[in-house]
Each structure stands twice: as structure tokens, then as C-alpha cells.
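Notes follow the structure.
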Amino acid sequence: MKWLKIILFLLPLTLVFNSLDAQQRFPKPEFHTKYTQPTPTTPEPRGLEMEFVDVLILLVVLSLTSWFAIKKRSRNGILLLTVFSAIYFGFYRNGCICTVGSIQNVALAFADPKYVISLYALLFFLLPLIFSLFFGRVFCGAACPLGAIQDLLIWKPITIPAWLRKTLGFIPYLYLGLAVLYAATGTEFIICRYDPFIGIYRMNGPHLMIYLGIAFLLMGLFIARPYCRFFCPYGALLNVFSRFSRRHLSVFPTKCIQCKLCTTSCPFEAIDFPDEEKSKPDTKTNSRKFILYLALIPVLMLAGAWIGSKSHVFLSKAHPDVYLAELLISHPELKKDSKNIDIQTFLASGKSLETLVAEAQVIRDKFKTGSSILGAFLGLVIALMAMGQVIFRRREDYQANKGNCYSCARCLDYCPVE
Amino acid sequence: MDRKKFINNSGRLVLMGGLAYLTGSIIYQRKVSASGKYVWQIDPFKCTQCGRCATECVRELSAVKCVHAYSLCGYCDLCGGYFKPNTHKLNTGAESQLCPTGALTRKFVEEPFFQYTIDEKLCNGCAKCVKGCGSFGNGSLHLQIRHDLCQNCNECSISRMCPANAISRVPIETAYLIKGGFKKPVISTPK
């Protein structure tokens, strides 16, 4: 009787184990007719061998844009390249891998010892930055598919007040910092997840993505290139790099005659006007402010690092392991919730809660370091932005702002100087 | 004017140095693959058939499809992947089929065997049949990412949500992990 009980108890258990461990329950049939067993097909990946071609084409587009912007001074040439990039990188290659997203691959490769980055992703990241050091943001001008689709849909650009432009200009740095933090900790690629235009290029995708893209494009009819100016994290990098570019697109070919014809030509307000004599600031107060802001840099960086390290618990919740561990500790009753797929899968995997918590702790420690660095970085950005307000540079001509100019060459047609 | 040029040049040098350091350290740690061809793959031995492949893919109709490893199939009449549990009539009526989109079809081969085929145009990767086949049959039906459909996103949006971490990036040479046996084969990846 006792044995029977044990057998009856074990029988359902063996059934459970059977279902977990797939095995041959039914023997392979022996066919008597001339039936031939089909083999599963394995269709080839689409267009992976084109990645080498993509890098080559990127190189050609960047070189041509530089030539059109600086030597040839041709808006039509750049317009043609913009259309080409939208069609090739966007609609034909479906926008992946793109330079903007490659930041995350580089960040993950830098931080994660196991992640291997493809050479093409690395080149997609490096080439536009190298070009920007020599010729300005020519990548934004014509090669970036995300910029191209917005650039082609500028209709009636409005002027945005400088204070608003400068304040919103902080968002790209925040986005860049968060993207690097989330990529380096192996949490997720937020730039790719919230890429507004990829759904349009693929003409297929989650509805939210496509609505977001359409919203950006509609906004872009009046606010020229809203994503590029106020969100693009790669644009933040290019902005810094381009300030130190060796050569740059110039509004006038030889000498500015102060005709003011170009002033309304730039839809991005990236043309700096010459300063008026009377607006010259008081040198004494300005240099006092400069010293104050210089002293503020370490203060703001430390404050940022402190805020960052305080918010690491919140930021780390985006990582699925940390989230699951927290959920299991704070709501143990959810273990009975058969509809919670994550918890049920975790329980079925046989992994102990201690292991999960230990793993989550490792990730959270990474977040602690990462978010402190992020905070310090953002403090530095704020301090430098404030310093930019008091640094006075004498300007006598109407000239493109090297940081903000996309080298789209619209202004060139307005300049009457031969 | 000279001061401006000096600042410009030194700034450029610093930024170039930064880029060189970043690239150099990635290359030095041998984390660059020159062939560079990676694709996303589902490990059917890790998959728990949670059904998220049907909903999380960026494509309208998921690039994950059910694939049939015929060599493992028992060709049963009563197929756990084809019929709903407790179905009495083993016919092709829609009310007795497990597949919500009618993508799994069967063809009579010879008494008592049936061949089961997936219509990839209809399959949405919901894994209902995979679960049925794994619980009652040999487990020959399993999910795979079909690379003619996969957009090869920078980060697979299903992998982010996969509760079993069954989706990973693999070199293109081993793009598919079609079930060939009941245990996971050991693949030696070239390093």
C-alpha cells in the first residue's frame, strides 16, 4: 500500500518532467508509400552582404557633401544627395544600422567584455565624426536618413526664440547620456526603440512608432528638423566636434557685404549675426561672470554626480532583471499570478531568488557608477552652456554657426557675392 | 586670430585623441568582428512559448515563425499542435484547430500518418502549436526567426521582452537553430 502511494505520487511528477524535457514519445514512422520527407527551409538573411557597400556609400556621400558645401557651393547637389540618402539608407536599406543608433553599439562594446561590435557599426559611428572634424556637420546635411526625411519636408519654418532654442538644446545631451548609460549596462537601446522615422521607412512597424514619426514630420513642416535640433543624441556629439572643424561651409564665398539677404534663409537659425557696436558687453562684469562660471564647473559636476548616484535605483528599474527581482521581493504574492509571464518563467527555470537578486545587485552597482558619471557629465554641459553665454566673440560678418549648422547649403543661394 | 586657430587646432587634436582612444581600446580588446555579420536567433531549447514573439516584433506580422523539424515528427493523426485539447472529431474543421490563424495545415500521407506544414504567410509566431506539440508530442514544431523577414534591428525588440532570454545575436554562419534532436546540439563557434 505504501509503495502504491509513492508510485501514485511520482507518476504525475514524471509526466511533468516529460513535458519539460522534450523527447521522442512517438516513434519515427516507417512509410510504405514513396513519401519523401521535406526538410525545413532556412531562407538567407536579406542584404547583409550589403553592409560593406553601405559603408562605401556613406563615405562617398560624406565626401560629395563636403565638396558641394565647401568647394562647389551647390545647394542642388546637396538636395540631390539628401533625396538619395532618404531613398537608399531609408527606404531601401530600412534604416538599420544607422549612425545615430551606433552610439549604443560602441558604448556597449566599450563597457561589456563579451559584446562584439561589427566593424561596419564601428565605421558608421566613426566616419561622420571624423568628417565633422574637418568639414563640419556634413553628415547631418545629406547623409543621415533621419535628417533627410525631415529636411525634405520643411514647409514654412517659424523662428524659435533664442532662449527656448538654447534651453531645448540641452535635451540631446540628456538623451545621449541616458542612451549611453542604458546601452553600457546592457539594459536596452533606447535610441532604436524610440526612433521615430524607422517605422515610416520600413512602412511597417508598431503603431506608436509610426504615429510618433508622423507627429514629428507634421511638426517639422513649421519647426524645421525638430528631431535633429532638440532630440538627436548623435547631433549633440557632432555639435561639439564640428565647433573645432578645420574647414566649414561659409555663407559668403569671398567677402561679406552685409546685405542681410541670407538672414532669413536658414530654417534652423544657425546663422550668427554680426554684433552691434552698442551691444558690446561690459568687459569687467563679463570677466567676473566668466570666473564665476568657471568656478561653478566643479560644483555643478559634483552636484550632478550626487543627484545621479541618488537616482540610480530609479534608473536601474529599466533593466528587466532588476525589475523582476524588485517585483518578487516587494510583491511575493505575485508568484501565484499565473498570468505574469516573467515571474512564471523565472519560477519554472529553477533559478533561485538569491541568484537573481545577486545578479540584479551587480547591475545596480553598474548603474550607480554610470549614473554618477551621467550626472557629472550633465553638470558639465550645463556649466559650459552657461559659460557660452558670457564668452564674447567679435563678429563682423553674417556667418554660419559651426556648432548648429547642418551644411544644408540653403543660405548659399541667397548670397549675391560672386 | 592666431589664438583662435590654436584653440581650434588643439580642440580638434583632443577630440581626435578621444576617438582614437575609444576605437583603440575596442580593437585592443578584440571586440570588433571584421566579417561583422550577426543575426538574431531563437534557441528553441530555451523558448518557453510565452507568446510574446507574436506581439513584440517591430513587424506588423512577426518575423518569428513556427518551423517544423520533420525528422522529429511522429506524423500522428492526433496531433497536439494541430488540435485543440479535448477535440473529439479529428477533422480539419476550424473549431477543432489550435492555430488561431489557420497557418498549420495537414495532409494525409498514408494510414495512419499525416504531414503537418506551416503556411508562413499566415503564421504569427504565437507558439500555441509549439506548446501543444511539446506537451503532448515530440516537440518537432518550434519557433525560429525567419531571416528573409527579420529586419535585423540593432536590438531585437522581442529579445528585450523574452522572459527566458532565448533570443541572442549569433554569427551569420549559424543563423538557424533548427531542431535536429531532442537535446541541444553543441555548436563550436569559431572565435
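Each chain in the C-alpha cells gets a letter, A, B, ..., in the order shown, and its residues are numbered from 1; ligands are numbered from 1 in order too.
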Interface rows for chain A against chain B: nearest pair, Å to one decimal, 8 Å, only C-alpha atoms, as CSV:
```
residue,atom,partner,partner_atom,distance
A:Ser19,CA,B:Ser135,CA,4.9
A:Leu20,CA,B:Ser135,CA,7.8
A:Ala22,CA,B:Gly139,CA,5.9
A:Gln23,CA,B:Phe182,CA,5.5
A:Gln24,CA,B:Asn138,CA,5.1
A:Arg25,CA,B:Asn138,CA,5.7
A:Phe26,CA,B:Gly74,CA,5.2
A:Pro27,CA,B:Gly74,CA,5.9
A:Lys28,CA,B:Gly74,CA,5.3
A:Pro29,CA,B:Gly74,CA,6.2
A:Phe31,CA,B:Glu110,CA,7.5
A:His32,CA,B:Glu110,CA,7.9
A:Thr33,CA,B:Glu110,CA,7.1
A:Tyr35,CA,B:Val109,CA,7.2
A:Gln37,CA,B:Tyr70,CA,6.8
A:Pro38,CA,B:Tyr70,CA,6.7
A:Thr39,CA,B:Tyr70,CA,6.6
A:Pro40,CA,B:Ala69,CA,6.2
A:Thr42,CA,B:Tyr176,CA,7.0
A:Pro43,CA,B:Asp148,CA,5.7
A:Glu44,CA,B:Asp148,CA,6.0
A:Pro45,CA,B:His147,CA,4.4
A:Arg46,CA,B:Asp148,CA,5.4
A:Leu48,CA,B:Lys37,CA,6.8
A:Asn94,CA,B:Gln151,CA,7.8
A:Cys96,CA,B:Cys153,CA,6.3
A:Ile97,CA,B:Asn154,CA,6.3
A:Gly101,CA,B:Asn154,CA,7.6
A:Ala109,CA,B:Ile26,CA,6.6
A:Phe110,CA,B:Ile26,CA,6.0
A:Pro113,CA,B:Lys31,CA,7.9
A:Lys114,CA,B:Lys31,CA,7.8
A:Tyr115,CA,B:Lys31,CA,6.8
A:Val116,CA,B:Lys31,CA,4.6
A:Ile117,CA,B:Val32,CA,5.0
A:Ser118,CA,B:Gly36,CA,4.1
A:Leu119,CA,B:Ala34,CA,5.3
A:Tyr120,CA,B:Gly36,CA,6.6
A:Leu126,CA,B:Leu19,CA,7.8
A:Ile130,CA,B:Met16,CA,7.8
A:Leu133,CA,B:Arg12,CA,6.5
A:Glu188,CA,B:Arg160,CA,7.1
A:Phe189,CA,B:Glu155,CA,6.5
A:Cys192,CA,B:Asn154,CA,7.1
A:Arg193,CA,B:Ser157,CA,7.7
A:Asn204,CA,B:Arg59,CA,5.8
A:Gly205,CA,B:Arg59,CA,4.9
A:Pro206,CA,B:Val58,CA,5.7
A:Phe241,CA,B:Leu15,CA,7.0
A:Arg243,CA,B:Asn8,CA,7.9
A:Phe244,CA,B:Asn8,CA,5.0
A:Ser245,CA,B:Arg12,CA,6.9
A:Arg246,CA,B:Asn8,CA,7.6
A:Ile341,CA,B:Cys50,CA,6.7
A:Asp342,CA,B:Pro163,CA,5.1
A:Thr345,CA,B:Pro163,CA,6.2
A:Phe346,CA,B:Pro163,CA,7.4
```
Saved selection, atoms kept: C-alpha atoms, as a compact mmCIF listing (two decimals), in the first residue's frame:
```
# COMPACT_ATOMS: atom_id res chain seq x y z
CA SER A 19 6.73 17.79 -20.74
CA LEU A 20 9.69 19.92 -19.71
CA ALA A 22 11.03 17.06 -24.91
CA GLN A 23 11.74 13.58 -26.06
CA GLN A 24 10.62 11.05 -28.61
CA ARG A 25 7.21 9.97 -27.41
CA PHE A 26 6.11 8.77 -30.80
CA PRO A 27 8.49 6.72 -32.90
CA LYS A 28 9.52 7.84 -36.31
CA PRO A 29 7.05 6.40 -38.81
CA PHE A 31 6.44 4.95 -44.66
CA HIS A 32 5.38 2.36 -47.20
CA THR A 33 4.45 4.79 -49.96
CA TYR A 35 6.78 9.68 -49.36
CA GLN A 37 10.27 13.85 -46.00
CA PRO A 38 10.64 17.57 -46.61
CA THR A 39 13.45 19.45 -44.89
CA PRO A 40 12.85 22.76 -43.13
CA THR A 42 16.37 28.30 -43.98
CA PRO A 43 15.91 31.48 -46.02
CA GLU A 44 19.00 33.65 -46.32
CA PRO A 45 19.17 36.94 -44.40
CA ARG A 46 18.24 39.90 -46.52
CA LEU A 48 23.65 41.52 -45.01
CA ASN A 94 15.32 50.19 -44.00
CA CYS A 96 19.39 49.83 -39.91
CA ILE A 97 22.16 50.09 -38.87
CA GLY A 101 21.95 54.15 -33.16
CA ALA A 109 31.36 47.28 -26.81
CA PHE A 110 33.34 49.66 -24.63
CA PRO A 113 33.63 42.46 -22.13
CA LYS A 114 31.55 39.92 -24.06
CA TYR A 115 29.86 42.10 -26.64
CA VAL A 116 31.40 42.03 -30.11
CA ILE A 117 30.71 45.00 -32.34
CA SER A 118 30.55 44.61 -36.09
CA LEU A 119 33.21 46.54 -37.97
CA TYR A 120 30.55 48.29 -40.02
CA LEU A 126 33.38 56.94 -36.64
CA ILE A 130 35.92 62.30 -38.42
CA LEU A 133 36.33 67.45 -37.52
CA GLU A 188 18.25 48.41 -23.75
CA PHE A 189 18.87 50.54 -26.82
CA CYS A 192 16.44 52.49 -31.55
CA ARG A 193 13.33 51.85 -29.53
CA ASN A 204 5.75 48.59 -41.24
CA GLY A 205 6.06 48.77 -37.51
CA PRO A 206 4.36 49.32 -34.17
CA PHE A 241 33.06 68.07 -32.86
CA ARG A 243 32.97 73.55 -33.48
CA PHE A 244 36.59 72.52 -33.96
CA SER A 245 36.29 71.66 -37.64
CA ARG A 246 39.20 72.57 -39.85
CA ILE A 341 4.71 35.50 -17.76
CA ASP A 342 8.02 36.87 -16.45
CA THR A 345 9.06 31.69 -16.47
CA PHE A 346 11.51 32.60 -13.74
```
Practice problem: Report as a VMD selection string: the residues of chain B with a DSSP assignment of strand (DSSP E), based on the backbone of this structure. | Solution: chain B and resid 32 to 33 38 to 42 64 to 68 104 to 110 113 to 118 141 to 145 167 to 171
Quiz prompt | Nearby residues (only C-alpha atoms) at most 8 Å from region 247-262 of chain A, same-chain spacing under 4 positions excluded, as a VMD selection string | solution = chain A and resid 69 to 70 134 to 136 266 397 to 400 402 407 409 411 to 412 414 to 415 417 to 418
Quiz item: Near Ser168 (chain B), counting only C-alpha atoms, which residues have an atom at most 7 Å away, once you skip same-chain residues fewer than 6 positions from it, shown as a list of chain:residue names?
Solution: B:Trp40, B:Gln41, B:Ile42
For region 305-318 of chain A, please output as an mmCIF file with C-alpha atoms, in the first residue's frame all residues within 10 Å (counting only C-alpha atoms; exclusion window: fewer than 2 positions along the same chain).
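Okay, part_14.cif is ready:
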```cif
data_model
loop_
_atom_site.group_PDB
_atom_site.id
_atom_site.type_symbol
_atom_site.label_atom_id
_atom_site.label_comp_id
_atom_site.auth_asym_id
_atom_site.auth_seq_id
_atom_site.Cartn_x
_atom_site.Cartn_y
_atom_site.Cartn_z
ATOM 1 C CA LEU A 178 20.841 58.161 -20.914
ATOM 2 C CA LEU A 181 24.066 54.565 -19.706
ATOM 3 C CA TYR A 182 21.326 52.167 -20.765
ATOM 4 C CA THR A 185 24.665 48.495 -18.682
ATOM 5 C CA THR A 187 19.599 47.362 -20.401
ATOM 6 C CA GLU A 188 18.245 48.412 -23.747
ATOM 7 C CA VAL A 299 30.390 72.489 -8.170
ATOM 8 C CA LEU A 300 27.816 71.610 -10.822
ATOM 9 C CA MET A 301 29.654 68.406 -11.721
ATOM 10 C CA LEU A 302 29.730 67.287 -8.087
ATOM 11 C CA ALA A 303 26.084 68.205 -7.619
ATOM 12 C CA PRO A 320 14.438 43.523 -16.712
ATOM 13 C CA ASP A 321 16.433 41.529 -14.110
ATOM 14 C CA VAL A 322 16.414 44.366 -11.584
ATOM 15 C CA TYR A 323 12.731 44.948 -12.204
ATOM 16 C CA LEU A 324 11.881 41.279 -11.736
ATOM 17 C CA ALA A 325 13.961 40.963 -8.564
ATOM 18 C CA GLU A 326 12.321 44.046 -7.073
ATOM 19 C CA ALA A 360 20.392 42.378 -10.088
ATOM 20 C CA GLN A 361 22.735 43.814 -7.464
ATOM 21 C CA ILE A 363 23.641 45.515 -12.473
ATOM 22 C CA ARG A 364 22.513 48.074 -9.922
ATOM 23 C CA ASP A 365 26.140 48.667 -8.889
ATOM 24 C CA LYS A 366 26.960 49.352 -12.530
ATOM 25 C CA PHE A 367 24.099 51.810 -12.589
ATOM 26 C CA LYS A 368 25.455 53.533 -9.505
ATOM 27 C CA THR A 369 28.790 54.249 -11.206
ATOM 28 C CA GLY A 370 27.133 55.001 -14.527
ATOM 29 C CA SER A 371 24.515 57.410 -13.258
ATOM 30 C CA SER A 372 27.107 59.302 -11.196
ATOM 31 C CA ILE A 373 29.156 59.784 -14.359
ATOM 32 C CA LEU A 374 25.990 60.755 -16.233
ATOM 33 C CA GLY A 375 25.148 63.349 -13.571
ATOM 34 C CA ALA A 376 28.647 64.809 -13.636
ATOM 35 C CA PHE A 377 28.533 64.959 -17.444
ATOM 36 C CA LEU A 378 25.200 66.786 -17.425
ATOM 37 C CA GLY A 379 26.539 69.203 -14.778
#
```
